[in-house]
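Novice: Below is the file start_32.txt, which contains compact mmCIF, C-alpha atoms.
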# COMPACT_ATOMS: atom_id res chain seq x y z
CA MET A 1 -18.34 -11.97 -21.86
CA SER A 2 -17.99 -8.43 -23.22
CA LYS A 3 -20.43 -7.19 -20.55
CA ILE A 4 -18.31 -8.66 -17.75
CA LEU A 5 -15.19 -7.08 -19.22
CA ASN A 6 -16.82 -3.67 -19.46
CA ILE A 7 -17.89 -3.92 -15.83
CA ILE A 8 -14.36 -4.88 -14.78
CA SER A 9 -12.75 -1.95 -16.57
CA LEU A 10 -15.36 0.48 -15.25
CA TRP A 11 -15.09 -0.69 -11.64
CA ALA A 12 -11.34 -1.38 -11.35
CA LEU A 13 -10.47 2.16 -10.30
CA PRO A 14 -13.42 2.91 -7.97
CA VAL A 15 -12.93 -0.44 -6.21
CA LEU A 16 -9.23 0.24 -5.69
CA LEU A 17 -10.00 3.69 -4.23
CA LEU A 18 -12.77 2.37 -1.96
CA TRP A 19 -10.55 -0.45 -0.78
CA ILE A 20 -7.65 1.85 0.12
CA LEU A 21 -9.84 4.44 1.88
CA ILE A 22 -12.05 2.01 3.81
CA ALA A 23 -9.07 -0.08 4.92
CA GLY A 24 -7.39 3.16 6.05
CA MET A 25 -10.43 4.25 8.04
CA ILE A 26 -10.83 0.84 9.68
CA LYS A 27 -7.19 0.86 10.73
CA LYS A 28 -7.69 4.44 12.02
CA VAL A 29 -5.06 5.88 9.69
CA PRO A 30 -5.26 9.72 9.48
CA ILE A 31 -6.08 9.44 5.78
CA TYR A 32 -6.07 13.13 4.89
CA GLU A 33 -2.71 13.79 6.51
CA GLU A 34 -1.11 10.67 5.05
CA PHE A 35 -2.53 11.50 1.62
CA THR A 36 -1.11 15.02 1.52
CA ASP A 37 2.18 13.80 2.94
CA GLY A 38 2.55 11.21 0.17
CA ALA A 39 1.31 13.56 -2.55
CA LYS A 40 4.07 16.08 -1.80
CA ASP A 41 6.52 14.02 -3.86
CA GLY A 42 4.45 14.26 -7.05
CA PHE A 43 6.08 17.47 -8.22
CA LYS A 44 9.61 16.35 -7.40
CA VAL A 45 9.23 13.10 -9.34
CA ALA A 46 7.78 14.88 -12.40
CA VAL A 47 10.61 17.42 -12.44
CA ASN A 48 13.27 14.71 -12.07
CA ILE A 49 11.97 13.01 -15.21
CA ILE A 50 12.17 16.09 -17.47
CA PRO A 51 15.82 15.82 -18.65
CA TYR A 52 15.38 12.14 -19.56
CA LEU A 53 12.08 12.77 -21.30
CA VAL A 54 13.50 15.69 -23.30
CA ALA A 55 16.36 13.52 -24.58
CA ILE A 56 14.10 10.65 -25.64
CA ILE A 57 11.11 12.61 -26.92
CA VAL A 58 13.19 15.12 -28.94
CA GLY A 59 15.22 12.28 -30.50
CA ILE A 60 12.11 10.34 -31.44
CA SER A 61 10.22 13.41 -32.69
CA MET A 62 13.17 14.21 -34.96
CA LEU A 63 13.29 10.64 -36.25
CA ARG A 64 9.57 10.64 -37.04
CA ALA A 65 9.74 14.05 -38.75
CA SER A 66 12.73 12.99 -40.89
CA GLY A 67 10.81 10.30 -42.76
CA ALA A 68 13.40 7.67 -41.78
CA ILE A 69 10.66 5.31 -40.55
CA ASP A 70 8.88 5.46 -43.93
CA MET A 71 12.20 4.80 -45.70
CA LEU A 72 12.78 1.71 -43.57
CA ALA A 73 9.20 0.61 -44.17
CA GLN A 74 9.73 0.89 -47.93
CA ILE A 75 12.88 -1.21 -47.80
CA LEU A 76 11.17 -3.92 -45.73
CA THR A 77 7.86 -4.06 -47.63
CA PRO A 78 8.91 -6.58 -50.37
CA ILE A 79 10.24 -8.99 -47.73
CA LEU A 80 7.14 -8.75 -45.57
CA THR A 81 4.59 -9.18 -48.34
CA LYS A 82 6.23 -12.56 -48.99
CA ILE A 83 5.26 -13.74 -45.47
CA HIS A 84 1.71 -12.33 -45.84
CA PHE A 85 2.35 -9.46 -43.50
CA PRO A 86 0.14 -6.46 -44.42
CA ALA A 87 2.33 -3.52 -45.41
CA ASP A 88 -0.05 -1.06 -43.71
CA VAL A 89 0.87 -2.47 -40.31
CA LEU A 90 4.64 -2.16 -40.80
CA PRO A 91 5.05 1.46 -39.58
CA LEU A 92 3.23 0.37 -36.43
CA THR A 93 5.83 -2.30 -35.63
CA ILE A 94 8.53 0.37 -35.66
CA VAL A 95 6.60 3.19 -33.99
CA ARG A 96 5.15 0.97 -31.24
CA SER A 97 8.34 0.91 -29.14
CA LEU A 98 9.03 4.62 -29.70
CA SER A 99 5.86 6.58 -29.01
CA GLY A 100 2.55 5.55 -27.48
CA SER A 101 0.53 8.42 -28.93
CA ALA A 102 2.04 7.84 -32.39
CA ALA A 103 1.25 4.11 -32.19
CA LEU A 104 -2.36 4.86 -31.26
CA GLY A 105 -2.50 7.39 -34.11
CA VAL A 106 -1.21 4.87 -36.65
CA PHE A 107 -3.64 2.26 -35.34
CA SER A 108 -6.66 4.62 -35.55
CA ASP A 109 -5.57 5.47 -39.06
CA ILE A 110 -5.41 1.81 -40.11
CA ALA A 111 -8.74 1.04 -38.41
CA ASN A 112 -10.52 4.01 -39.98
CA SER A 113 -9.13 3.62 -43.49
CA LEU A 114 -9.29 -0.18 -43.82
CA GLY A 115 -12.41 -0.83 -41.75
CA PRO A 116 -13.42 -3.43 -39.17
CA ASP A 117 -13.34 -6.49 -41.43
CA ASN A 118 -9.76 -6.09 -42.62
CA TYR A 119 -7.13 -8.47 -41.32
CA ALA A 120 -4.68 -5.55 -40.92
CA THR A 121 -7.05 -3.86 -38.45
CA LYS A 122 -7.16 -6.97 -36.28
CA LEU A 123 -3.41 -7.49 -36.37
CA ALA A 124 -2.80 -3.81 -35.56
CA ALA A 125 -5.27 -3.96 -32.67
CA VAL A 126 -3.49 -6.94 -31.12
CA MET A 127 -0.08 -5.31 -31.62
CA VAL A 128 -1.06 -2.03 -30.00
CA GLY A 129 -3.00 -3.64 -27.16
CA SER A 130 -0.21 -6.02 -26.20
CA SER A 131 2.64 -3.57 -25.75
CA GLU A 132 3.85 -0.64 -23.74
CA THR A 133 6.08 2.12 -25.17
CA THR A 134 9.54 0.83 -24.27
CA PHE A 135 11.41 4.13 -24.67
CA TYR A 136 8.87 6.09 -22.62
CA VAL A 137 8.85 3.58 -19.75
CA LEU A 138 12.64 3.58 -19.77
CA ALA A 139 12.90 7.39 -19.61
CA VAL A 140 10.24 7.80 -16.93
CA TYR A 141 11.19 4.95 -14.60
CA PHE A 142 14.95 5.35 -14.78
CA GLY A 143 14.70 9.15 -15.00
CA ALA A 144 12.78 9.31 -11.74
CA VAL A 145 15.73 7.74 -9.88
CA LYS A 146 18.42 9.43 -12.02
CA ILE A 147 19.80 6.22 -13.52
CA SER A 148 21.72 6.98 -16.71
CA LYS A 149 23.35 3.61 -17.36
CA TYR A 150 20.60 1.27 -18.52
CA ARG A 151 22.85 -1.79 -19.04
CA TYR A 152 20.97 -4.47 -20.98
CA SER A 153 17.46 -3.22 -20.21
CA LEU A 154 16.80 -1.32 -23.45
CA PHE A 155 17.98 -4.32 -25.43
CA VAL A 156 15.72 -6.65 -23.45
CA GLY A 157 12.77 -4.27 -23.87
CA LEU A 158 13.21 -4.09 -27.65
CA LEU A 159 13.82 -7.82 -27.98
CA ALA A 160 10.63 -8.52 -26.02
CA ASP A 161 8.82 -6.08 -28.35
CA LEU A 162 10.12 -8.03 -31.35
CA ILE A 163 9.01 -11.34 -29.82
CA GLY A 164 5.61 -9.71 -29.21
CA ILE A 165 5.35 -8.69 -32.88
CA ILE A 166 6.21 -12.20 -34.07
CA ALA A 167 3.75 -13.71 -31.59
CA ALA A 168 1.03 -11.28 -32.75
CA ILE A 169 1.56 -12.33 -36.38
CA PHE A 170 1.31 -16.04 -35.54
CA VAL A 171 -1.68 -15.71 -33.21
CA CYS A 172 -3.61 -13.49 -35.64
CA GLN A 173 -2.92 -15.76 -38.61
CA TRP A 174 -4.11 -18.70 -36.56
CA LEU A 175 -7.30 -16.97 -35.33
CA PHE A 176 -8.31 -14.50 -38.03
CA ALA A 177 -6.68 -15.41 -41.36
CA MET B 1 22.18 4.87 -24.32
CA ASN B 2 24.88 7.34 -25.40
CA TYR B 3 25.06 5.62 -28.79
CA ILE B 4 21.31 5.43 -29.18
CA PHE B 5 20.79 9.10 -28.36
CA GLY B 6 23.51 10.15 -30.81
CA PHE B 7 22.31 7.70 -33.44
CA LEU B 8 18.70 8.94 -33.25
CA ILE B 9 19.70 12.54 -33.89
CA ILE B 10 22.34 11.87 -36.56
CA ILE B 11 20.07 9.50 -38.53
CA SER B 12 17.21 12.01 -38.27
CA ILE B 13 19.30 14.83 -39.72
CA ILE B 14 20.70 12.68 -42.54
CA ALA B 15 17.31 11.15 -43.42
CA GLY B 16 15.66 14.57 -43.13
CA ALA B 17 18.18 16.04 -45.59
CA LEU B 18 17.71 13.12 -48.02
CA ASN B 19 13.93 13.41 -47.90
CA GLY B 20 13.92 17.20 -48.09
CA ARG B 21 12.31 17.35 -44.67
CA LEU B 22 15.06 19.23 -42.84
CA GLN B 23 12.67 22.02 -41.83
CA GLU B 24 10.32 19.46 -40.22
CA VAL B 25 13.25 17.90 -38.37
CA VAL B 26 14.28 21.31 -37.01
CA ASN B 27 10.71 22.02 -35.94
CA ALA B 28 10.57 18.61 -34.26
CA VAL B 29 13.35 19.69 -31.88
CA MET B 30 11.21 22.54 -30.57
CA ASP B 31 7.98 20.55 -30.55
CA GLY B 32 9.61 17.54 -28.90
CA ALA B 33 11.20 19.63 -26.15
CA GLU B 34 7.90 21.34 -25.46
CA LEU B 35 6.02 18.05 -25.52
CA SER B 36 8.35 16.42 -22.97
CA VAL B 37 7.74 19.20 -20.47
CA LYS B 38 4.00 18.91 -21.12
CA VAL B 39 4.14 15.16 -20.54
CA ALA B 40 6.13 15.60 -17.31
CA PHE B 41 3.85 18.35 -16.01
CA SER B 42 0.71 16.48 -16.90
CA LEU B 43 2.03 13.72 -14.65
CA ILE B 44 2.33 15.96 -11.57
CA GLY B 45 -1.33 15.91 -10.53
CA ILE B 46 -2.02 12.24 -11.11
CA MET B 47 1.35 11.31 -9.64
CA ALA B 48 0.63 13.32 -6.48
CA PHE B 49 -2.80 11.73 -6.22
CA TRP B 50 -1.59 8.14 -6.44
CA LEU B 51 1.47 8.72 -4.28
CA GLY B 52 -0.96 10.05 -1.66
CA MET B 53 -3.24 7.03 -2.02
CA MET B 54 -0.20 4.78 -1.90
CA LYS B 55 0.78 6.30 1.45
CA ILE B 56 -2.65 5.48 2.89
CA ALA B 57 -2.48 1.96 1.44
CA GLN B 58 0.92 1.53 3.04
CA LYS B 59 -0.19 2.74 6.48
CA SER B 60 -3.31 0.60 6.45
CA GLY B 61 -1.37 -2.56 5.62
CA ILE B 62 -2.83 -3.18 2.15
CA ILE B 63 0.55 -3.14 0.46
CA ASN B 64 1.94 -5.52 3.04
CA TRP B 65 -0.96 -7.85 2.36
CA ILE B 66 -0.56 -7.81 -1.42
CA SER B 67 3.17 -8.33 -1.19
CA LYS B 68 2.59 -11.33 1.08
CA ILE B 69 0.28 -12.90 -1.51
CA LEU B 70 2.72 -12.32 -4.36
CA LYS B 71 5.75 -13.25 -2.26
CA PRO B 72 6.27 -16.73 -3.75
CA ILE B 73 6.59 -15.11 -7.19
CA THR B 74 8.54 -12.00 -6.26
CA LYS B 75 10.94 -14.06 -4.16
CA ILE B 76 12.03 -16.03 -7.22
CA LEU B 77 12.07 -13.06 -9.61
CA PHE B 78 13.62 -10.45 -7.36
CA ASN B 79 15.99 -12.73 -5.48
CA GLU B 80 18.57 -9.97 -5.04
CA ILE B 81 16.48 -7.75 -2.77
CA PRO B 82 15.54 -8.68 0.82
CA SER B 83 12.05 -10.20 0.91
CA ASN B 84 10.94 -7.66 3.53
CA SER B 85 11.97 -4.69 1.34
CA PRO B 86 9.20 -2.13 0.71
CA ALA B 87 10.04 -2.47 -3.00
CA VAL B 88 8.24 -5.84 -3.06
CA GLY B 89 4.91 -4.23 -2.14
CA ASP B 90 5.36 -1.41 -4.64
CA ILE B 91 6.23 -3.88 -7.41
CA ALA B 92 3.10 -5.89 -6.55
CA MET B 93 0.92 -2.75 -6.65
CA ASN B 94 2.45 -1.69 -9.97
CA PHE B 95 1.76 -5.09 -11.49
CA THR B 96 -1.83 -5.15 -10.20
CA ALA B 97 -2.56 -1.65 -11.52
CA ASN B 98 -1.04 -2.51 -14.91
CA ALA B 99 -3.02 -5.72 -15.19
CA PHE B 100 -6.28 -3.85 -14.64
CA GLY B 101 -5.36 -1.18 -17.17
CA LEU B 102 -4.89 1.58 -14.59
CA SER B 103 -1.74 2.92 -16.22
CA ASN B 104 -2.22 6.28 -14.49
CA ALA B 105 -1.85 4.51 -11.17
CA ALA B 106 0.75 2.02 -12.35
CA THR B 107 3.32 4.70 -13.20
CA PRO B 108 3.50 6.28 -9.70
CA PHE B 109 3.57 2.80 -8.12
CA GLY B 110 6.34 1.81 -10.51
CA ILE B 111 8.37 4.93 -9.76
CA LYS B 112 7.94 4.28 -6.05
CA ALA B 113 9.23 0.74 -6.61
CA MET B 114 12.21 2.07 -8.56
CA GLU B 115 13.03 4.45 -5.69
CA GLU B 116 13.01 1.54 -3.25
CA LEU B 117 15.15 -0.57 -5.60
CA GLN B 118 17.54 2.36 -5.94
CA LYS B 119 18.06 2.31 -2.14
CA GLU B 120 19.33 -1.28 -2.43
CA ASN B 121 21.42 -0.41 -5.48
CA LYS B 122 25.18 -0.11 -4.93
CA ASN B 123 25.99 2.01 -7.98
CA LYS B 124 23.49 4.89 -8.05
CA LYS B 125 24.05 5.77 -11.72
CA SER B 126 23.76 2.27 -13.07
CA ALA B 127 20.65 0.08 -13.02
CA SER B 128 20.79 -3.02 -10.80
CA ASN B 129 19.65 -6.45 -12.00
CA SER B 130 16.37 -6.05 -10.13
CA MET B 131 15.77 -2.63 -11.69
CA CYS B 132 16.43 -3.97 -15.19
CA LEU B 133 14.06 -6.89 -14.58
CA PHE B 134 11.35 -4.62 -13.21
CA LEU B 135 11.74 -2.29 -16.18
CA GLY B 136 11.57 -5.19 -18.62
CA MET B 137 8.32 -6.37 -17.01
CA ASN B 138 6.87 -2.88 -17.47
CA THR B 139 7.99 -2.39 -21.07
CA ALA B 140 6.14 -5.59 -21.98
CA GLY B 141 2.97 -3.87 -20.72
CA PHE B 142 1.05 -6.82 -19.32
CA GLN B 143 -2.64 -5.92 -19.31
CA LEU B 144 -5.81 -8.00 -18.97
CA ILE B 145 -8.07 -5.73 -21.06
CA PRO B 146 -6.72 -3.37 -23.75
CA THR B 147 -9.29 -0.61 -23.08
CA THR B 148 -7.97 2.06 -25.49
CA VAL B 149 -7.80 -0.37 -28.41
CA LEU B 150 -11.34 -1.60 -27.68
CA ALA B 151 -12.55 2.01 -27.69
CA VAL B 152 -11.06 2.60 -31.16
CA LEU B 153 -12.56 -0.65 -32.50
CA VAL B 154 -15.99 0.27 -31.14
CA SER B 155 -15.73 3.71 -32.75
CA ILE B 156 -15.22 2.23 -36.25
CA GLY B 157 -18.18 -0.11 -35.85
CA TYR B 158 -16.28 -3.35 -35.20
CA LYS B 159 -18.97 -5.97 -34.63
CA ASN B 160 -17.32 -8.07 -31.96
CA PRO B 161 -14.44 -6.04 -30.46
CA THR B 162 -13.97 -8.39 -27.52
CA GLU B 163 -12.64 -11.12 -29.85
CA ILE B 164 -9.41 -9.12 -29.78
CA ILE B 165 -8.97 -9.63 -26.02
CA ALA B 166 -7.87 -13.28 -26.05
CA PRO B 167 -5.17 -12.94 -28.74
CA THR B 168 -3.92 -9.73 -27.12
CA LEU B 169 -3.65 -11.50 -23.79
CA ILE B 170 -1.72 -14.39 -25.33
CA VAL B 171 0.70 -12.03 -27.09
CA THR B 172 1.24 -9.76 -24.09
CA SER B 173 1.87 -12.80 -21.86
CA ILE B 174 4.46 -14.13 -24.28
CA ALA B 175 6.19 -10.72 -24.42
CA PHE B 176 5.99 -10.39 -20.62
CA LEU B 177 7.48 -13.83 -19.97
CA SER B 178 10.22 -13.35 -22.55
CA ALA B 179 11.14 -10.00 -20.94
CA ILE B 180 11.62 -11.83 -17.63
CA VAL B 181 13.59 -14.72 -19.14
CA LEU B 182 15.74 -12.38 -21.27
CA SER B 183 16.51 -10.16 -18.26
CA LYS B 184 17.60 -13.20 -16.26
CA ILE B 185 19.82 -14.40 -19.12
CA PHE B 186 21.37 -11.02 -19.95
CA GLN B 187 22.25 -10.14 -16.36
CA LYS B 188 24.87 -12.89 -16.53
CA PHE B 189 26.57 -11.22 -19.49
CA TYR B 190 26.49 -7.71 -18.03
CA PRO B 191 27.86 -8.12 -14.51
CA ALA B 192 26.88 -5.12 -12.37
CA GLN B 193 30.28 -4.69 -10.70
CA ASN B 194 32.07 -4.05 -14.01
CA ILE B 195 30.09 -0.92 -14.67
CA GLU B 196 32.07 1.32 -12.38
CA SER B 197 35.22 0.64 -14.42
CA GLY B 198 33.50 2.29 -17.37
CA ALA B 199 33.30 -0.84 -19.49
CA GLU B 200 29.60 -0.32 -20.02
CA ASN B 201 27.92 2.06 -22.39
CA GLU B 202 24.36 0.94 -22.88
Could you rewrite the structure in this file as C-alpha cells?
Specialist:
Amino acid sequence: MSKILNIISLWALPVLLLWILIAGMIKKVPIYEEFTDGAKDGFKVAVNIIPYLVAIIVGISMLRASGAIDMLAQILTPILTKIHFPADVLPLTIVRSLSGSAALGVFSDIANSLGPDNYATKLAAVMVGSSETTFYVLAVYFGAVKISKYRYSLFVGLLADLIGIIAAIFVCQWLFA
Amino acid sequence: MNYIFGFLIIISIIAGALNGRLQEVVNAVMDGAELSVKVAFSLIGIMAFWLGMMKIAQKSGIINWISKILKPITKILFNEIPSNSPAVGDIAMNFTANAFGLSNAATPFGIKAMEELQKENKNKKSASNSMCLFLGMNTAGFQLIPTTVLAVLVSIGYKNPTEIIAPTLIVTSIAFLSAIVLSKIFQKFYPAQNIESGAENE
C-alpha cells in the first residue's frame, strides 16, 4: 500500500508533463511557441497578487507576533481538556487557516517533541494534511483577478475549516484513541 | 474583508502591548511585507512554467477532454457558467492537480480558472457565486496523499506513516463537501446583485 502511494506521488508530475508534451506533439502543436506564449503571463499574475498578499501576510504576521494566538489558546485549554482534546494541538487549529508555513512548523514541533506514538502527533498530522491555508488561497486567487469583495467566501472557508477540525477529532478518536 | 483586515491589525497591537511584545509586532510589519513580495516573486517562475504547459494542453485538446469527463459534475456545481466556457477545463485541471498533490501546478490552473470566471462575472470587483464556490473548494484543499505530512512523520521515525492517509482523506472529503454545500446555501443569503448598492462588506 505505502509502496503504491510513493510511486503515485513520485510519478504524478512526470506523467502529467509527458502527457501534455506527447499529446501536443501528436496534434502537431508548436509546443515551444505555445509554451513561451502562455508563460508570458506568469510575471503579470505574480505582480497582481502582491497588494492582496501584503495585506493578508502583514496582518497575520502581526497577529502571530503579538501572542494573541497563545492567549486564545490559554483561554480555551480548560474547555478542550474536558473533551480529551490535546492542548498541544490547539495552536494548530487556529494557525492552520492563517499560514501554511506556520502550520507546518507547529506540526513539526509537535511531532518532534511528542514523538511518533503520541495521539497528539497523529491528530496534528491529520489536521495539517487535510486542509489548505484559507487566507492564502483567498488572497492569491482573488488577488490575481483583482476581486476585493469576497462576499461569503471567507466565512465558508473558515466554517469548512472548523468542520474539518471537528471531523479530524472524531475520526482520530475512532481510529487511534 | 475590510473588518477582518482592520480587526487583525488592531487586535495585534492591543495584544502585543498587553504581552509586552510590541517590538515584535512592529518588526512583523516589516518582515510580513518582505515575505509577501518573496512569496509573490517565488511564484513567477513556477507560474510561468505551468501557464506555458497549460497553453500546450489547451491547444492539444487535453483540457477539452478532461472537462468533458468532469462535465456531469461541473454542470451541477457551476450551473451559472455556460458549459462550453474555458473555465470548466481550468477548474477540472486545478482539481486534478490538487488531488495529486501538485499544488505548484494547481495554483496557476486555479488562477487561470478565476480569470475565466471573472470574464463571466458582471461586477468585476465582487466575487460571483461560481468564484466563491471555486474558492471554497480550494480552501478545503482536497488531496489524495498528504506528501508533506508523510515526509515529517517519516523524519521522526513514525513506524507506519501511511496509516494517516485514510483518516486524512476522510476528513478532507468532509471539509471539501461541506465547502460546496455551504457555498450553495450562502449564495442565497448574499445575492450578487445587491453588492453594487454597497450593502456588502465581507
Novice: Kindly indicate which residue among A:Ala177, A:Leu158, A:Leu72, A:Met62 lies nearest to chain B, using only C-alpha atoms for the distances.
Specialist: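 Among the listed residues, the smallest separation from chain B belongs to A:Met62.
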Novice: Which residues of range 21-68 of chain B have any atom within 12 Å of an atom in range 85-103 of chain A when counting only C-alpha atoms, and what is the closest pair of atoms for each, with the distance in Å to one decimal? Order the rows by chain and rising number and write it as JSON lines.
Specialist:
{"residue": "B:Gly32", "atom": "CA", "partner": "A:Ser99", "partner_atom": "CA", "distance": 11.6}
{"residue": "B:Leu35", "atom": "CA", "partner": "A:Ser101", "partner_atom": "CA", "distance": 11.6}
{"residue": "B:Ser36", "atom": "CA", "partner": "A:Ser99", "partner_atom": "CA", "distance": 11.8}
{"residue": "B:Val39", "atom": "CA", "partner": "A:Ser101", "partner_atom": "CA", "distance": 11.4}
Novice: List as JSON, numbers by chain the protein and nucleic acid residues near range 142-152 of chain B, meaning an atom at most 8 Å away when only C-alpha atoms are counted, but skip any in the same chain fewer than 5 places from it.
Specialist: {"A": [5, 9, 108, 111, 125, 128, 129, 130, 131], "B": [98, 99, 100, 101, 137, 161, 162, 165, 168, 169, 172, 173, 176]}
Novice: Using Å and a single decimal, report how far CA of Asn112 in chain A sits from CA of Ile83 in chain A.
Specialist: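 Atom-to-atom, CA of Ile83 in chain A and CA of Asn112 in chain A are spaced 24.4 Å apart.
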Novice: Identify, on the basis of only C-alpha atoms, every residue whose closest approach to Asn94 in chain B does not exceed 10 Å; exclude the query and any residue fewer than 4 positions from it along the same chain; express the result as a ChimeraX atom specification.
Specialist: /B:88-90,98-99,102-103,105-113,134,138
Novice: Would you save the residues of that selection, restricted to C-alpha atoms, as an mmCIF file, keeping the file's coordinate frame?
Specialist:
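Final output, saved to selection-v2.cif:
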data_model
loop_
_atom_site.group_PDB
_atom_site.id
_atom_site.type_symbol
_atom_site.label_atom_id
_atom_site.label_comp_id
_atom_site.auth_asym_id
_atom_site.auth_seq_id
_atom_site.Cartn_x
_atom_site.Cartn_y
_atom_site.Cartn_z
ATOM 1 C CA VAL B 88 8.240 -5.840 -3.060
ATOM 2 C CA GLY B 89 4.910 -4.230 -2.140
ATOM 3 C CA ASP B 90 5.360 -1.410 -4.640
ATOM 4 C CA ASN B 98 -1.040 -2.510 -14.910
ATOM 5 C CA ALA B 99 -3.020 -5.720 -15.190
ATOM 6 C CA LEU B 102 -4.890 1.580 -14.590
ATOM 7 C CA SER B 103 -1.740 2.920 -16.220
ATOM 8 C CA ALA B 105 -1.850 4.510 -11.170
ATOM 9 C CA ALA B 106 0.750 2.020 -12.350
ATOM 10 C CA THR B 107 3.320 4.700 -13.200
ATOM 11 C CA PRO B 108 3.500 6.280 -9.700
ATOM 12 C CA PHE B 109 3.570 2.800 -8.120
ATOM 13 C CA GLY B 110 6.340 1.810 -10.510
ATOM 14 C CA ILE B 111 8.370 4.930 -9.760
ATOM 15 C CA LYS B 112 7.940 4.280 -6.050
ATOM 16 C CA ALA B 113 9.230 0.740 -6.610
ATOM 17 C CA PHE B 134 11.350 -4.620 -13.210
ATOM 18 C CA ASN B 138 6.870 -2.880 -17.470
#
Novice: Using all atoms listed in the file, I'd like a table of the residues in chain B that come within 6 Å of chain A; for each, show the closest atom pair and its distance in Å rounded to one decimal, ordered by chain and ascending number, as JSON lines.
Specialist:
{"residue": "B:Leu8", "atom": "CA", "partner": "A:Gly59", "partner_atom": "CA", "distance": 5.6}
{"residue": "B:Ile9", "atom": "CA", "partner": "A:Gly59", "partner_atom": "CA", "distance": 5.6}
{"residue": "B:Ser12", "atom": "CA", "partner": "A:Leu63", "partner_atom": "CA", "distance": 4.6}
{"residue": "B:Ala15", "atom": "CA", "partner": "A:Ala68", "partner_atom": "CA", "distance": 5.5}
{"residue": "B:Gly16", "atom": "CA", "partner": "A:Ser66", "partner_atom": "CA", "distance": 4.0}
{"residue": "B:Arg21", "atom": "CA", "partner": "A:Ser66", "partner_atom": "CA", "distance": 5.8}
{"residue": "B:Glu24", "atom": "CA", "partner": "A:Ala65", "partner_atom": "CA", "distance": 5.6}
{"residue": "B:Val25", "atom": "CA", "partner": "A:Met62", "partner_atom": "CA", "distance": 5.0}
{"residue": "B:Ala28", "atom": "CA", "partner": "A:Met62", "partner_atom": "CA", "distance": 5.2}
{"residue": "B:Val29", "atom": "CA", "partner": "A:Val58", "partner_atom": "CA", "distance": 5.4}
{"residue": "B:Gly32", "atom": "CA", "partner": "A:Val58", "partner_atom": "CA", "distance": 4.3}
{"residue": "B:Ala33", "atom": "CA", "partner": "A:Val54", "partner_atom": "CA", "distance": 5.4}
{"residue": "B:Ser36", "atom": "CA", "partner": "A:Val54", "partner_atom": "CA", "distance": 5.2}
{"residue": "B:Ala40", "atom": "CA", "partner": "A:Ala46", "partner_atom": "CA", "distance": 5.2}
{"residue": "B:Ile44", "atom": "CA", "partner": "A:Phe43", "partner_atom": "CA", "distance": 5.3}
{"residue": "B:Met47", "atom": "CA", "partner": "A:Gly42", "partner_atom": "CA", "distance": 5.0}
{"residue": "B:Ala48", "atom": "CA", "partner": "A:Gly42", "partner_atom": "CA", "distance": 4.0}
{"residue": "B:Phe49", "atom": "CA", "partner": "A:Ala39", "partner_atom": "CA", "distance": 5.8}
{"residue": "B:Leu51", "atom": "CA", "partner": "A:Ala39", "partner_atom": "CA", "distance": 5.1}
{"residue": "B:Gly52", "atom": "CA", "partner": "A:Phe35", "partner_atom": "CA", "distance": 3.9}
{"residue": "B:Met53", "atom": "CA", "partner": "A:Phe35", "partner_atom": "CA", "distance": 5.8}
{"residue": "B:Lys55", "atom": "CA", "partner": "A:Gly38", "partner_atom": "CA", "distance": 5.4}
{"residue": "B:Ile56", "atom": "CA", "partner": "A:Glu34", "partner_atom": "CA", "distance": 5.8}
{"residue": "B:Ala57", "atom": "CA", "partner": "A:Ile20", "partner_atom": "CA", "distance": 5.3}
{"residue": "B:Ser60", "atom": "CA", "partner": "A:Gly24", "partner_atom": "CA", "distance": 4.8}
{"residue": "B:Ile111", "atom": "CA", "partner": "A:Tyr141", "partner_atom": "CA", "distance": 5.6}
{"residue": "B:Glu115", "atom": "CA", "partner": "A:Val145", "partner_atom": "CA", "distance": 6.0}
{"residue": "B:Lys125", "atom": "CA", "partner": "A:Ile147", "partner_atom": "CA", "distance": 4.6}
{"residue": "B:Ser126", "atom": "CA", "partner": "A:Lys149", "partner_atom": "CA", "distance": 4.5}
{"residue": "B:Ala127", "atom": "CA", "partner": "A:Tyr150", "partner_atom": "CA", "distance": 5.6}
{"residue": "B:Cys132", "atom": "CA", "partner": "A:Ser153", "partner_atom": "CA", "distance": 5.2}
{"residue": "B:Gly136", "atom": "CA", "partner": "A:Gly157", "partner_atom": "CA", "distance": 5.5}
{"residue": "B:Thr139", "atom": "CA", "partner": "A:Thr134", "partner_atom": "CA", "distance": 4.8}
{"residue": "B:Ala140", "atom": "CA", "partner": "A:Ser131", "partner_atom": "CA", "distance": 5.5}
{"residue": "B:Gly141", "atom": "CA", "partner": "A:Glu132", "partner_atom": "CA", "distance": 4.5}
{"residue": "B:Pro146", "atom": "CA", "partner": "A:Gly129", "partner_atom": "CA", "distance": 5.1}
{"residue": "B:Val149", "atom": "CA", "partner": "A:Gly129", "partner_atom": "CA", "distance": 5.9}
{"residue": "B:Tyr158", "atom": "CA", "partner": "A:Pro116", "partner_atom": "CA", "distance": 4.9}
{"residue": "B:Thr162", "atom": "CA", "partner": "A:Ser2", "partner_atom": "CA", "distance": 5.9}
{"residue": "B:Thr168", "atom": "CA", "partner": "A:Val126", "partner_atom": "CA", "distance": 4.9}
{"residue": "B:Val171", "atom": "CA", "partner": "A:Ala167", "partner_atom": "CA", "distance": 5.7}
{"residue": "B:Thr172", "atom": "CA", "partner": "A:Ser130", "partner_atom": "CA", "distance": 4.5}
{"residue": "B:Ala175", "atom": "CA", "partner": "A:Gly164", "partner_atom": "CA", "distance": 4.9}
{"residue": "B:Ser178", "atom": "CA", "partner": "A:Ala160", "partner_atom": "CA", "distance": 6.0}
{"residue": "B:Ala179", "atom": "CA", "partner": "A:Ala160", "partner_atom": "CA", "distance": 5.3}
{"residue": "B:Glu202", "atom": "CA", "partner": "A:Arg151", "partner_atom": "CA", "distance": 4.9}
Novice: Using all atoms listed in the file, determine which residues lie at most 10 Å from Lys71 in chain B, disregarding the query and same-chain residues fewer than 3 positions distant; provide the list as a ChimeraX atom specification.
Specialist: /B:65-68,74-78,83-84,88-89,92
Novice: If you measure from CA of Ile10 in chain B to CA of Leu182 in chain B, what distance in Å do you get, rounded to one decimal?
Specialist: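 CA of Ile10 in chain B sits 29.4 Å away from CA of Leu182 in chain B.
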Novice: Just how far from CA of Ala87 in chain B is CA of Leu117 in chain B, in Å to one decimal?
Specialist: 6.0 Å
